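J.: This is structure15.txt, which holds compact mmCIF, C-alpha atoms:
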```
# COMPACT_ATOMS: atom_id res chain seq x y z
CA MET A 1497 121.75 187.55 81.89
CA THR A 1498 120.12 190.37 83.86
CA LEU A 1499 116.63 189.15 82.91
CA ASP A 1500 117.53 185.60 83.94
CA GLN A 1501 118.78 186.85 87.31
CA LEU A 1502 115.69 189.01 87.75
CA ASP A 1503 113.42 186.04 87.05
CA ASP A 1504 115.33 183.90 89.55
CA ASP A 1505 115.20 186.62 92.21
CA VAL A 1506 111.43 187.13 91.82
CA VAL A 1507 110.80 183.38 92.10
CA ALA A 1508 113.05 183.12 95.16
CA LEU A 1509 111.30 186.02 96.90
CA ALA A 1510 107.84 184.59 96.18
CA ARG A 1511 108.87 181.24 97.63
CA ASP A 1512 110.70 182.74 100.62
CA TYR A 1513 107.91 185.24 101.36
CA ASN A 1514 106.53 183.43 104.41
CA SER A 1515 109.93 182.77 105.97
CA THR A 1516 111.40 186.25 105.43
CA SER A 1517 110.67 189.18 107.72
CA PRO A 1518 108.03 191.52 106.23
CA ILE A 1519 110.35 194.52 106.26
CA GLU A 1520 112.98 192.56 104.32
CA VAL A 1521 110.37 191.31 101.83
CA TYR A 1522 109.29 194.90 101.26
CA ARG A 1523 112.89 196.02 100.67
CA ARG A 1524 113.67 193.19 98.25
CA ALA A 1525 110.40 193.47 96.31
CA LYS A 1526 110.84 197.22 95.92
CA GLU A 1527 114.37 196.67 94.64
CA LEU A 1528 113.20 194.04 92.12
CA LEU A 1529 110.44 196.30 90.84
CA GLY A 1530 112.98 199.07 90.33
CA VAL A 1531 115.31 196.73 88.40
CA ALA A 1532 112.47 195.53 86.17
CA GLN A 1533 111.30 199.07 85.43
CA SER A 1534 114.87 200.13 84.64
CA LEU A 1535 115.24 197.23 82.20
CA LEU A 1536 112.03 198.23 80.45
CA GLU A 1537 113.47 201.68 79.87
CA ARG A 1538 116.62 200.23 78.29
CA THR A 1539 115.26 197.72 75.78
CA GLN A 1540 112.88 197.74 72.86
CA VAL A 1541 113.29 194.02 72.05
CA PRO A 1542 109.73 192.59 72.20
CA ARG A 1543 110.63 189.34 73.96
CA GLN A 1544 112.78 191.15 76.52
CA ARG A 1545 110.04 193.70 77.16
CA THR A 1546 107.51 190.92 77.72
CA ARG A 1547 109.77 189.32 80.29
CA GLY A 1548 110.42 192.70 81.87
CA TYR A 1549 106.72 193.50 82.17
CA LEU A 1550 106.06 190.08 83.71
CA ALA A 1551 108.84 190.49 86.28
CA ALA A 1552 107.66 194.03 87.07
CA GLY A 1553 104.09 192.81 87.51
CA GLN A 1554 105.12 189.95 89.76
CA SER A 1555 107.32 192.27 91.85
CA ALA A 1556 104.50 194.81 92.19
CA ALA A 1557 102.12 192.03 93.26
CA LEU A 1558 104.53 190.85 95.97
CA LEU A 1559 105.10 194.43 97.06
CA SER A 1560 101.33 194.93 97.31
CA ALA A 1561 100.91 191.83 99.47
CA ILE A 1562 103.60 192.91 101.92
CA ALA A 1563 102.36 196.51 101.99
CA PHE A 1564 99.01 195.15 103.17
CA ASP A 1565 100.66 192.95 105.80
CA LEU A 1566 102.55 196.02 107.01
CA GLY A 1567 99.32 197.95 107.40
CA SER A 1568 99.24 200.29 104.38
CA LEU A 1569 96.03 199.61 102.45
CA PRO A 1570 96.36 202.56 100.00
CA THR A 1571 99.87 201.48 99.02
CA ALA A 1572 98.70 197.90 98.54
CA VAL A 1573 95.83 198.99 96.28
CA SER A 1574 98.11 201.17 94.13
CA LEU A 1575 100.64 198.36 93.68
CA SER A 1576 97.97 195.78 92.80
CA ARG A 1577 96.67 198.15 90.14
CA THR A 1578 100.21 198.45 88.82
CA ALA A 1579 100.52 194.65 88.67
CA ALA A 1580 97.19 194.40 86.85
CA LEU A 1581 98.32 197.02 84.32
CA TYR A 1582 101.57 195.19 83.58
CA GLY A 1583 99.62 191.97 83.15
CA GLN A 1584 97.24 193.70 80.76
CA VAL A 1585 100.09 195.05 78.61
CA ILE A 1586 101.40 191.52 77.94
CA GLU A 1587 97.95 189.86 78.09
CA HIS A 1588 99.08 187.56 80.90
CA GLY A 1589 95.91 185.96 82.30
CA PRO A 1590 97.29 184.52 85.57
CA LEU A 1591 99.00 187.79 86.56
CA GLN A 1592 95.86 189.80 85.79
CA ALA A 1593 93.76 187.30 87.74
CA TYR A 1594 96.10 187.44 90.72
CA ALA A 1595 96.12 191.24 90.74
CA HIS A 1596 92.34 191.53 90.39
CA GLY A 1597 91.91 188.96 93.16
CA ALA A 1598 94.17 191.07 95.36
CA LEU A 1599 92.13 194.16 94.52
CA ALA A 1600 88.97 192.26 95.46
CA PHE A 1601 90.54 191.25 98.77
CA LEU A 1602 91.56 194.84 99.44
CA ALA A 1603 88.10 196.09 98.46
CA TYR A 1604 86.25 194.17 101.15
CA TRP A 1605 88.91 195.16 103.66
CA ASP A 1606 88.04 198.73 102.72
CA GLY A 1607 84.33 198.12 103.29
CA ARG A 1608 83.35 197.58 99.63
CA PRO A 1609 82.26 193.92 99.39
CA SER A 1610 80.05 194.46 96.33
CA GLU A 1611 83.05 195.85 94.47
CA ALA A 1612 85.05 192.85 95.67
CA VAL A 1613 82.53 190.44 94.11
CA ARG A 1614 82.69 192.34 90.82
CA LEU A 1615 86.48 192.21 90.79
CA VAL A 1616 86.52 188.48 91.52
CA HIS A 1617 84.13 187.80 88.65
CA THR A 1618 86.38 189.86 86.36
CA ALA A 1619 89.41 187.86 87.53
CA GLN A 1620 87.66 184.55 86.91
CA ARG A 1621 87.21 185.42 83.22
CA PHE A 1622 90.94 185.70 82.43
CA GLY A 1623 92.39 182.87 80.40
CA GLY A 1624 95.07 180.35 81.27
CA LEU A 1625 94.16 179.87 84.94
CA GLY A 1626 94.97 176.69 86.81
CA ASP A 1627 93.19 175.07 89.75
CA THR A 1628 95.17 177.06 92.32
CA ALA A 1629 94.20 180.37 90.76
CA ARG A 1630 90.52 179.41 90.66
CA THR A 1631 90.65 178.11 94.23
CA ARG A 1632 92.12 181.40 95.43
CA LEU A 1633 89.47 183.42 93.62
CA SER A 1634 86.66 181.25 95.04
CA VAL A 1635 88.02 181.78 98.55
CA ILE A 1636 88.09 185.55 98.04
CA GLU A 1637 84.59 185.43 96.54
CA GLY A 1638 83.31 183.51 99.57
CA ARG A 1639 84.75 186.10 101.94
CA ALA A 1640 83.20 188.93 99.93
CA TYR A 1641 79.77 187.28 100.08
CA GLY A 1642 80.32 186.74 103.80
CA HIS A 1643 80.81 190.48 104.22
CA LEU A 1644 77.58 190.98 102.26
CA GLY A 1645 75.72 188.62 104.60
CA ASN A 1646 74.82 186.22 101.78
CA PRO A 1647 75.29 182.72 103.29
CA ALA A 1648 74.07 180.77 100.24
CA ALA A 1649 76.52 182.47 97.85
CA ALA A 1650 79.34 182.37 100.41
CA GLU A 1651 78.93 178.65 101.07
CA ARG A 1652 78.72 177.93 97.34
CA ALA A 1653 82.04 179.73 96.86
CA VAL A 1654 83.58 177.77 99.74
CA ARG A 1655 82.49 174.50 98.11
CA ASN A 1656 83.92 175.64 94.78
CA ALA A 1657 87.23 176.39 96.48
CA LEU A 1658 87.38 172.86 97.86
CA GLU A 1659 86.43 171.16 94.59
CA GLN A 1660 88.96 172.57 92.09
CA GLN A 1661 90.59 169.32 90.96
CA THR A 1662 90.83 169.43 87.16
CA GLY A 1663 94.61 169.14 87.15
CA ALA A 1664 95.05 172.47 85.33
CA ARG A 1665 98.13 174.53 86.23
CA ASP A 1666 99.52 177.94 85.39
CA GLU A 1667 103.02 179.40 85.54
CA LEU A 1668 102.33 181.93 88.29
CA HIS A 1669 100.14 180.27 90.92
CA ASP A 1670 101.50 176.73 90.46
CA ASP A 1671 104.95 176.80 88.86
CA ILE A 1672 106.25 179.72 90.95
CA GLY A 1673 103.91 179.18 93.87
CA GLY A 1674 105.02 180.54 97.22
CA GLU A 1675 103.06 183.72 97.94
CA PHE A 1676 101.39 183.28 94.53
CA GLY A 1677 100.22 179.81 95.57
CA PHE A 1678 97.24 178.98 97.74
CA PRO A 1679 97.76 175.67 99.59
CA ASP A 1680 95.10 173.76 101.50
CA ASP A 1681 96.05 175.29 104.87
CA ARG A 1682 95.53 178.79 103.51
CA VAL A 1683 92.22 177.78 101.97
CA ALA A 1684 91.05 176.40 105.32
CA MET A 1685 92.21 179.49 107.24
CA SER A 1686 90.41 181.81 104.82
CA ASN A 1687 87.25 179.74 104.88
CA ALA A 1688 87.26 179.91 108.68
CA THR A 1689 87.08 183.69 108.41
CA THR A 1690 84.18 183.43 105.96
CA TYR A 1691 82.26 181.22 108.37
CA LEU A 1692 82.88 183.74 111.15
CA LEU A 1693 81.36 186.47 109.00
CA LEU A 1694 78.30 184.22 108.69
CA ARG A 1695 78.26 183.71 112.49
CA ASN A 1696 78.74 179.97 111.91
CA SER A 1697 80.94 179.05 114.88
CA GLU A 1698 80.99 175.29 114.12
CA GLY A 1699 82.06 175.79 110.51
CA ALA A 1700 84.68 178.35 111.56
CA GLU A 1701 86.13 176.13 114.27
CA ALA A 1702 86.32 173.12 111.94
CA ALA A 1703 88.04 175.13 109.21
CA ALA A 1704 90.49 176.74 111.66
CA HIS A 1705 91.31 173.35 113.17
CA SER A 1706 91.87 171.99 109.66
CA ALA A 1707 94.26 174.85 108.84
CA LEU A 1708 96.27 174.34 112.02
CA HIS A 1709 96.38 170.56 111.49
CA LEU A 1710 97.65 170.97 107.93
CA LEU A 1711 100.23 173.50 109.07
CA GLY A 1712 101.32 171.19 111.86
CA ASN A 1713 102.07 168.47 109.30
CA ARG A 1714 104.61 170.72 107.58
CA PRO A 1715 108.28 170.88 108.66
CA GLU A 1716 108.60 173.61 111.26
CA ASP A 1717 110.73 175.84 109.01
CA GLN A 1718 108.05 175.69 106.30
CA ARG A 1719 105.07 176.82 108.38
CA PRO A 1720 103.96 180.34 107.38
CA LEU A 1721 103.70 182.21 110.66
CA LEU A 1722 101.19 184.77 109.35
CA ILE A 1723 98.76 182.05 108.25
CA ALA A 1724 99.16 180.01 111.45
CA THR A 1725 98.61 183.09 113.59
CA GLN A 1726 95.45 184.11 111.73
CA ALA A 1727 94.07 180.57 112.00
CA SER A 1728 94.70 180.57 115.74
CA VAL A 1729 92.88 183.87 116.18
CA ASP A 1730 89.94 182.62 114.11
CA LEU A 1731 89.78 179.52 116.31
CA ALA A 1732 89.58 181.81 119.33
CA ARG A 1733 86.85 183.87 117.66
CA ALA A 1734 84.81 180.75 116.90
CA ARG A 1735 85.00 179.65 120.52
CA LEU A 1736 84.13 183.11 121.75
CA LEU A 1737 80.98 183.05 119.61
CA ARG A 1738 79.84 180.11 121.71
CA GLY A 1739 80.78 181.84 124.96
CA GLU A 1740 83.84 179.64 125.57
CA LEU A 1741 86.21 182.15 127.12
CA ASP A 1742 88.65 179.53 128.39
CA GLY A 1743 88.87 177.97 124.95
CA ALA A 1744 89.44 181.34 123.33
CA CYS A 1745 92.29 182.11 125.72
CA GLU A 1746 93.86 178.74 125.00
CA ALA A 1747 93.71 179.29 121.23
CA LEU A 1748 95.38 182.70 121.57
CA GLY A 1749 98.33 181.31 123.52
CA PRO A 1750 100.61 180.87 120.47
CA VAL A 1751 99.48 184.22 119.05
CA PHE A 1752 100.89 186.20 121.96
CA GLU A 1753 104.31 184.65 121.33
CA VAL A 1754 104.56 186.09 117.79
CA PRO A 1755 107.32 188.73 117.42
CA THR A 1756 106.15 192.29 116.68
CA VAL A 1757 107.40 192.30 113.08
CA TRP A 1758 105.23 189.27 112.22
CA ARG A 1759 102.00 190.77 113.60
CA GLY A 1760 100.42 191.54 110.24
CA ALA A 1761 97.32 193.58 109.47
CA GLY A 1762 95.20 190.47 109.03
CA THR A 1763 96.08 189.29 112.52
CA LEU A 1764 95.43 192.69 114.08
CA GLU A 1765 92.02 193.00 112.44
CA ARG A 1766 91.03 189.56 113.71
CA LEU A 1767 92.24 190.41 117.21
CA ALA A 1768 90.19 193.59 117.11
CA ALA A 1769 87.14 191.37 116.53
CA VAL A 1770 88.11 189.29 119.56
CA ARG A 1771 88.49 192.46 121.62
CA SER A 1772 85.03 193.57 120.50
CA GLY A 1773 83.57 190.16 121.35
CA LEU A 1774 84.85 190.44 124.90
CA CYS A 1775 82.40 193.32 125.40
CA HIS A 1776 79.46 190.90 125.14
CA PRO A 1777 77.18 191.00 128.20
CA ASN A 1778 78.13 187.38 128.98
CA PHE A 1779 81.65 188.51 129.82
CA VAL A 1780 80.90 191.72 131.71
CA GLY A 1781 82.73 191.68 135.05
CA ALA A 1782 84.81 188.61 134.16
CA ALA A 1783 88.40 189.20 135.27
CA GLN A 1784 89.67 186.79 132.61
CA ALA A 1785 87.93 188.76 129.83
CA SER A 1786 89.30 192.04 131.15
CA ALA A 1787 92.85 190.68 131.32
CA LEU A 1788 92.59 189.21 127.83
CA GLY A 1789 91.32 192.50 126.41
CA GLU A 1790 94.22 194.42 127.93
CA ARG A 1791 96.69 191.90 126.59
CA ILE A 1792 95.26 192.22 123.07
CA GLU A 1793 95.54 196.00 123.23
CA GLU A 1794 99.18 195.85 124.32
CA TYR A 1795 100.00 193.23 121.67
CA SER A 1796 98.41 195.28 118.89
CA ALA A 1797 99.97 198.58 119.97
CA ALA A 1798 103.45 197.03 119.74
CA ALA A 1799 102.90 195.51 116.27
CA THR A 1800 105.03 196.83 113.42
CA ALA A 1801 101.99 196.80 111.10
CA ASN A 1802 100.00 198.92 113.53
CA ARG A 1803 102.75 201.53 113.79
CA LEU A 1804 103.24 201.75 110.02
CA GLY A 1805 99.56 201.62 109.14
CA ALA A 1806 98.80 204.51 111.48
CA THR A 1807 101.07 206.78 109.46
CA ALA A 1808 101.23 207.89 105.85
CA PRO A 1809 101.93 205.15 103.27
CA LEU A 1810 105.37 206.65 102.63
CA ALA A 1811 106.36 205.60 106.16
CA LEU A 1812 107.10 202.25 104.51
CA GLU A 1813 109.91 203.93 102.62
CA SER A 1814 111.93 204.21 105.80
```
Kindly transcribe the structure held in the file into structure tokens.

T.:
Amino acid sequence: MTLDQLDDDVVALARDYNSTSPIEVYRRAKELLGVAQSLLERTQVPRQRTRGYLAAGQSAALLSAIAFDLGSLPTAVSLSRTAALYGQVIEHGPLQAYAHGALAFLAYWDGRPSEAVRLVHTAQRFGGLGDTARTRLSVIEGRAYGHLGNPAAAERAVRNALEQQTGARDELHDDIGGEFGFPDDRVAMSNATTYLLLRNSEGAEAAAHSALHLLGNRPEDQRPLLIATQASVDLARARLLRGELDGACEALGPVFEVPTVWRGAGTLERLAAVRSGLCHPNFVGAAQASALGERIEEYSAAATANRLGATAPLALES
């Protein structure tokens, strides 16, 4: 009964991830990980231990994702490694692939894109992966190659992400879905960021527009605010690359309405790039650029992720 409830709670949290405040997701995921680890200490029944390891791995993966959103990269890396280890113990390909993909994502955020590529290639070799898992890994691979300044490899990965249509599914990325899933709007948002790394403003704007269009077609209560916000910032960045300051300001309009708790690390990093772009000689002396820069600084300083990320990882415990 406890294992059944644990499974149900992990699935519910994964599916509610994008509509639950990050602090609450962190609290619930930490609690679920603790329950799973406690169960593992109390049973030696092989089937029960397998289920316990899977639930622990899934909980650690969710905890890693939210730790990153809250601005604690070291905590996120440690938890993804934990998820990968649990997946290895029970030889669960999709969980290992998800965890290694997360580690790849965290690696290029930490300035190690070559390591990110290696981790993606490791993840792609695990068995039992469905189309969603392979799409997610291709998206991460494209971003890693973008950080390496390799446009041919990055664009090949982007194409692969858009062409995964074999019909294969797996129990983590497809059957549970939610934060473990990777829908078309998230693919488009991520690809926009890859194009920005390649300085391809047209590709970035098209992908960001696609993400926002797909999100707009969802019911309002099913639109992930973190993804929509990041797509809006990437749209602004694409326009700024072409010197369109008015267009960038327009794209950032919805971003400035986002409550502090939903201003994740991904959004703040993108806004930092916008702030840097405003220092281009084309905008020197422009009152609009100066005002926008100040607004970005105030927005970022107030963000929950910024306050937590600036302190020790254990700040998340409070």

J.: When you count all atoms listed in the file, which of these residues is closest to Gln1554 (chain A): A:Leu1581, A:Val1573, A:Ala1612, A:Val1506?

T.: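 That would be A:Val1506, the residue with the smallest distance to Gln1554 (chain A).
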
J.: List the neighbours of region 1556-1572 of chain A out to 7 Å using only C-alpha atoms; skip same-chain residues closer than 3 positions along the sequence, and give me the result as an mmCIF file with C-alpha atoms, keeping the file's coordinate frame.

T.:
```
data_model
loop_
_atom_site.group_PDB
_atom_site.id
_atom_site.type_symbol
_atom_site.label_atom_id
_atom_site.label_comp_id
_atom_site.auth_asym_id
_atom_site.auth_seq_id
_atom_site.Cartn_x
_atom_site.Cartn_y
_atom_site.Cartn_z
ATOM 1 C CA PRO A 1518 108.030 191.520 106.230
ATOM 2 C CA VAL A 1521 110.370 191.310 101.830
ATOM 3 C CA TYR A 1522 109.290 194.900 101.260
ATOM 4 C CA ALA A 1525 110.400 193.470 96.310
ATOM 5 C CA LYS A 1526 110.840 197.220 95.920
ATOM 6 C CA LEU A 1529 110.440 196.300 90.840
ATOM 7 C CA ALA A 1552 107.660 194.030 87.070
ATOM 8 C CA GLY A 1553 104.090 192.810 87.510
ATOM 9 C CA LEU A 1575 100.640 198.360 93.680
ATOM 10 C CA SER A 1576 97.970 195.780 92.800
ATOM 11 C CA THR A 1578 100.210 198.450 88.820
ATOM 12 C CA ALA A 1579 100.520 194.650 88.670
ATOM 13 C CA ALA A 1595 96.120 191.240 90.740
ATOM 14 C CA GLY A 1760 100.420 191.540 110.240
ATOM 15 C CA ALA A 1761 97.320 193.580 109.470
ATOM 16 C CA GLY A 1762 95.200 190.470 109.030
ATOM 17 C CA THR A 1800 105.030 196.830 113.420
ATOM 18 C CA ALA A 1801 101.990 196.800 111.100
ATOM 19 C CA ASN A 1802 100.000 198.920 113.530
ATOM 20 C CA LEU A 1804 103.240 201.750 110.020
ATOM 21 C CA GLY A 1805 99.560 201.620 109.140
ATOM 22 C CA PRO A 1809 101.930 205.150 103.270
#
```

J.: If we count all atoms listed in the file, what is near Thr1498 (chain A) at a cut-off of 10 Å, once residues fewer than 3 positions away on the same chain are taken out, given as a ChimeraX atom specification?

T.: /A:1501-1504,1531-1532,1535

J.: So what do you get for CA of Ser1610 (chain A) versus CA of His1643 (chain A), distance-wise?

T.: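 Those two atoms sit 8.9 Å apart.
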
J.: For Arg1771 (chain A), list every protein, DNA or RNA residue within 12 Å, evaluated using only C-alpha atoms, and leave out those in the same chain fewer than 6 positions away; present the list as a ChimeraX atom specification.

T.: /A:1729,1732-1733,1736,1741,1744-1745,1748,1764-1765,1779,1785-1796

J.: Please report the interatomic distance between CA of Asp1730 (chain A) and CA of Tyr1691 (chain A) in Å with one decimal.

T.: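 Separating CA of Asp1730 (chain A) from CA of Tyr1691 (chain A) is a distance of 9.7 Å.
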
J.: Which of these, A:Arg1524, A:Arg1538, A:Arg1759, A:His1669, has the shortest distance to Gln1726 (chain A) once you count all atoms listed in the file?

T.: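 Of the candidates, the smallest distance to Gln1726 (chain A) is held by A:Arg1759.
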
J.: So that I can see what lies close to Arg1695 (chain A), please list as a PyMOL selection string the residues with an atom at most 10 Å from it, counting only C-alpha atoms and leaving out residues fewer than 6 positions away in the same chain.

T.: chain A and resi 1642+1645+1647+1689+1734+1737

J.: Can you list, as a list in words, every protein, DNA or RNA residue that comes within 7 Å of Ala1684 (chain A) when you count all atoms listed in the file, leaving out same-chain residues fewer than 5 positions away?

T.: Ala1703, Ala1704, Ser1706 and Ala1707 of chain A

J.: For CA of Thr1539 (chain A) and CA of Asp1666 (chain A), determine how far apart the two atoms are, in Å to one decimal place.

T.: 27.0 Å

J.: Produce the centre coordinates and the three edge lengths, each in Å to one decimal, of the box along x, y and z that contains all listed atoms of region 1506-1518 of chain A with 3 Å added on each side, as lines of an AutoDock Vina configuration file.

T.:
```
center_x = 109.8
center_y = 186.4
center_z = 99.8
size_x = 12.5
size_y = 16.3
size_z = 21.9
```

J.: Can you sort out region 1646-1677 of chain A so it carries N, CA and C atoms, written as an mmCIF file, keeping the file's coordinate frame?

T.:
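Result written to part-v7.cif:
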```cif
data_model
loop_
_atom_site.group_PDB
_atom_site.id
_atom_site.type_symbol
_atom_site.label_atom_id
_atom_site.label_comp_id
_atom_site.auth_asym_id
_atom_site.auth_seq_id
_atom_site.Cartn_x
_atom_site.Cartn_y
_atom_site.Cartn_z
ATOM 1 N N ASN A 1646 75.512 187.111 102.705
ATOM 2 C CA ASN A 1646 74.820 186.220 101.780
ATOM 3 C C ASN A 1646 75.337 184.805 101.998
ATOM 4 N N PRO A 1647 74.749 184.048 102.944
ATOM 5 C CA PRO A 1647 75.290 182.720 103.290
ATOM 6 C C PRO A 1647 75.234 181.719 102.139
ATOM 7 N N ALA A 1648 74.189 181.749 101.323
ATOM 8 C CA ALA A 1648 74.070 180.770 100.240
ATOM 9 C C ALA A 1648 75.210 180.956 99.230
ATOM 10 N N ALA A 1649 75.454 182.199 98.818
ATOM 11 C CA ALA A 1649 76.520 182.470 97.850
ATOM 12 C C ALA A 1649 77.895 182.214 98.467
ATOM 13 N N ALA A 1650 78.055 182.566 99.736
ATOM 14 C CA ALA A 1650 79.340 182.370 100.410
ATOM 15 C C ALA A 1650 79.667 180.873 100.512
ATOM 16 N N GLU A 1651 78.693 180.084 100.917
ATOM 17 C CA GLU A 1651 78.930 178.650 101.070
ATOM 18 C C GLU A 1651 79.138 177.970 99.726
ATOM 19 N N ARG A 1652 78.491 178.471 98.684
ATOM 20 C CA ARG A 1652 78.720 177.930 97.340
ATOM 21 C C ARG A 1652 80.162 178.197 96.908
ATOM 22 N N ALA A 1653 80.658 179.388 97.202
ATOM 23 C CA ALA A 1653 82.040 179.730 96.860
ATOM 24 C C ALA A 1653 83.030 178.875 97.651
ATOM 25 N N VAL A 1654 82.727 178.635 98.921
ATOM 26 C CA VAL A 1654 83.580 177.770 99.740
ATOM 27 C C VAL A 1654 83.646 176.374 99.141
ATOM 28 N N ARG A 1655 82.505 175.837 98.733
ATOM 29 C CA ARG A 1655 82.490 174.500 98.110
ATOM 30 C C ARG A 1655 83.309 174.501 96.816
ATOM 31 N N ASN A 1656 83.161 175.556 96.023
ATOM 32 C CA ASN A 1656 83.920 175.640 94.780
ATOM 33 C C ASN A 1656 85.427 175.637 95.061
ATOM 34 N N ALA A 1657 85.811 176.322 96.131
ATOM 35 C CA ALA A 1657 87.230 176.390 96.480
ATOM 36 C C ALA A 1657 87.783 175.009 96.847
ATOM 37 N N LEU A 1658 86.941 174.178 97.416
ATOM 38 C CA LEU A 1658 87.380 172.860 97.860
ATOM 39 C C LEU A 1658 87.282 171.797 96.767
ATOM 40 N N GLU A 1659 86.697 172.169 95.632
ATOM 41 C CA GLU A 1659 86.430 171.160 94.590
ATOM 42 C C GLU A 1659 87.189 171.406 93.291
ATOM 43 N N GLN A 1660 88.181 172.297 93.301
ATOM 44 C CA GLN A 1660 88.960 172.570 92.090
ATOM 45 C C GLN A 1660 90.011 171.473 91.902
ATOM 46 N N GLN A 1661 89.684 170.464 91.118
ATOM 47 C CA GLN A 1661 90.590 169.320 90.960
ATOM 48 C C GLN A 1661 90.636 168.856 89.511
ATOM 49 N N THR A 1662 90.780 169.797 88.579
ATOM 50 C CA THR A 1662 90.830 169.430 87.160
ATOM 51 C C THR A 1662 92.240 169.057 86.716
ATOM 52 N N GLY A 1663 93.239 169.397 87.539
ATOM 53 C CA GLY A 1663 94.610 169.140 87.150
ATOM 54 C C GLY A 1663 95.260 170.266 86.366
ATOM 55 N N ALA A 1664 94.506 171.344 86.087
ATOM 56 C CA ALA A 1664 95.050 172.470 85.330
ATOM 57 C C ALA A 1664 96.037 173.258 86.192
ATOM 58 N N ARG A 1665 97.101 173.756 85.547
ATOM 59 C CA ARG A 1665 98.130 174.530 86.230
ATOM 60 C C ARG A 1665 98.415 175.805 85.442
ATOM 61 N N ASP A 1666 99.015 176.781 86.113
ATOM 62 C CA ASP A 1666 99.520 177.940 85.390
ATOM 63 C C ASP A 1666 100.888 178.316 85.948
ATOM 64 N N GLU A 1667 101.620 179.141 85.213
ATOM 65 C CA GLU A 1667 103.020 179.400 85.540
ATOM 66 C C GLU A 1667 103.213 180.285 86.760
ATOM 67 N N LEU A 1668 102.197 181.021 87.152
ATOM 68 C CA LEU A 1668 102.330 181.930 88.290
ATOM 69 C C LEU A 1668 101.933 181.238 89.596
ATOM 70 N N HIS A 1669 100.674 180.819 89.674
ATOM 71 C CA HIS A 1669 100.140 180.270 90.920
ATOM 72 C C HIS A 1669 100.721 178.889 91.252
ATOM 73 N N ASP A 1670 101.039 178.099 90.226
ATOM 74 C CA ASP A 1670 101.500 176.730 90.460
ATOM 75 C C ASP A 1670 103.002 176.559 90.275
ATOM 76 N N ASP A 1671 103.538 177.040 89.142
ATOM 77 C CA ASP A 1671 104.950 176.800 88.860
ATOM 78 C C ASP A 1671 105.860 177.639 89.755
ATOM 79 N N ILE A 1672 105.499 178.899 89.982
ATOM 80 C CA ILE A 1672 106.250 179.720 90.950
ATOM 81 C C ILE A 1672 105.764 179.413 92.351
ATOM 82 N N GLY A 1673 104.478 179.498 92.561
ATOM 83 C CA GLY A 1673 103.910 179.180 93.870
ATOM 84 C C GLY A 1673 104.353 180.164 94.933
ATOM 85 N N GLY A 1674 104.658 179.665 96.113
ATOM 86 C CA GLY A 1674 105.020 180.540 97.220
ATOM 87 C C GLY A 1674 103.871 181.465 97.562
ATOM 88 N N GLU A 1675 104.123 182.762 97.642
ATOM 89 C CA GLU A 1675 103.060 183.720 97.940
ATOM 90 C C GLU A 1675 102.013 183.739 96.842
ATOM 91 N N PHE A 1676 102.373 183.344 95.622
ATOM 92 C CA PHE A 1676 101.390 183.280 94.530
ATOM 93 C C PHE A 1676 100.545 182.003 94.618
ATOM 94 N N GLY A 1677 100.973 181.050 95.410
ATOM 95 C CA GLY A 1677 100.220 179.810 95.570
ATOM 96 C C GLY A 1677 99.086 179.978 96.577
#
```
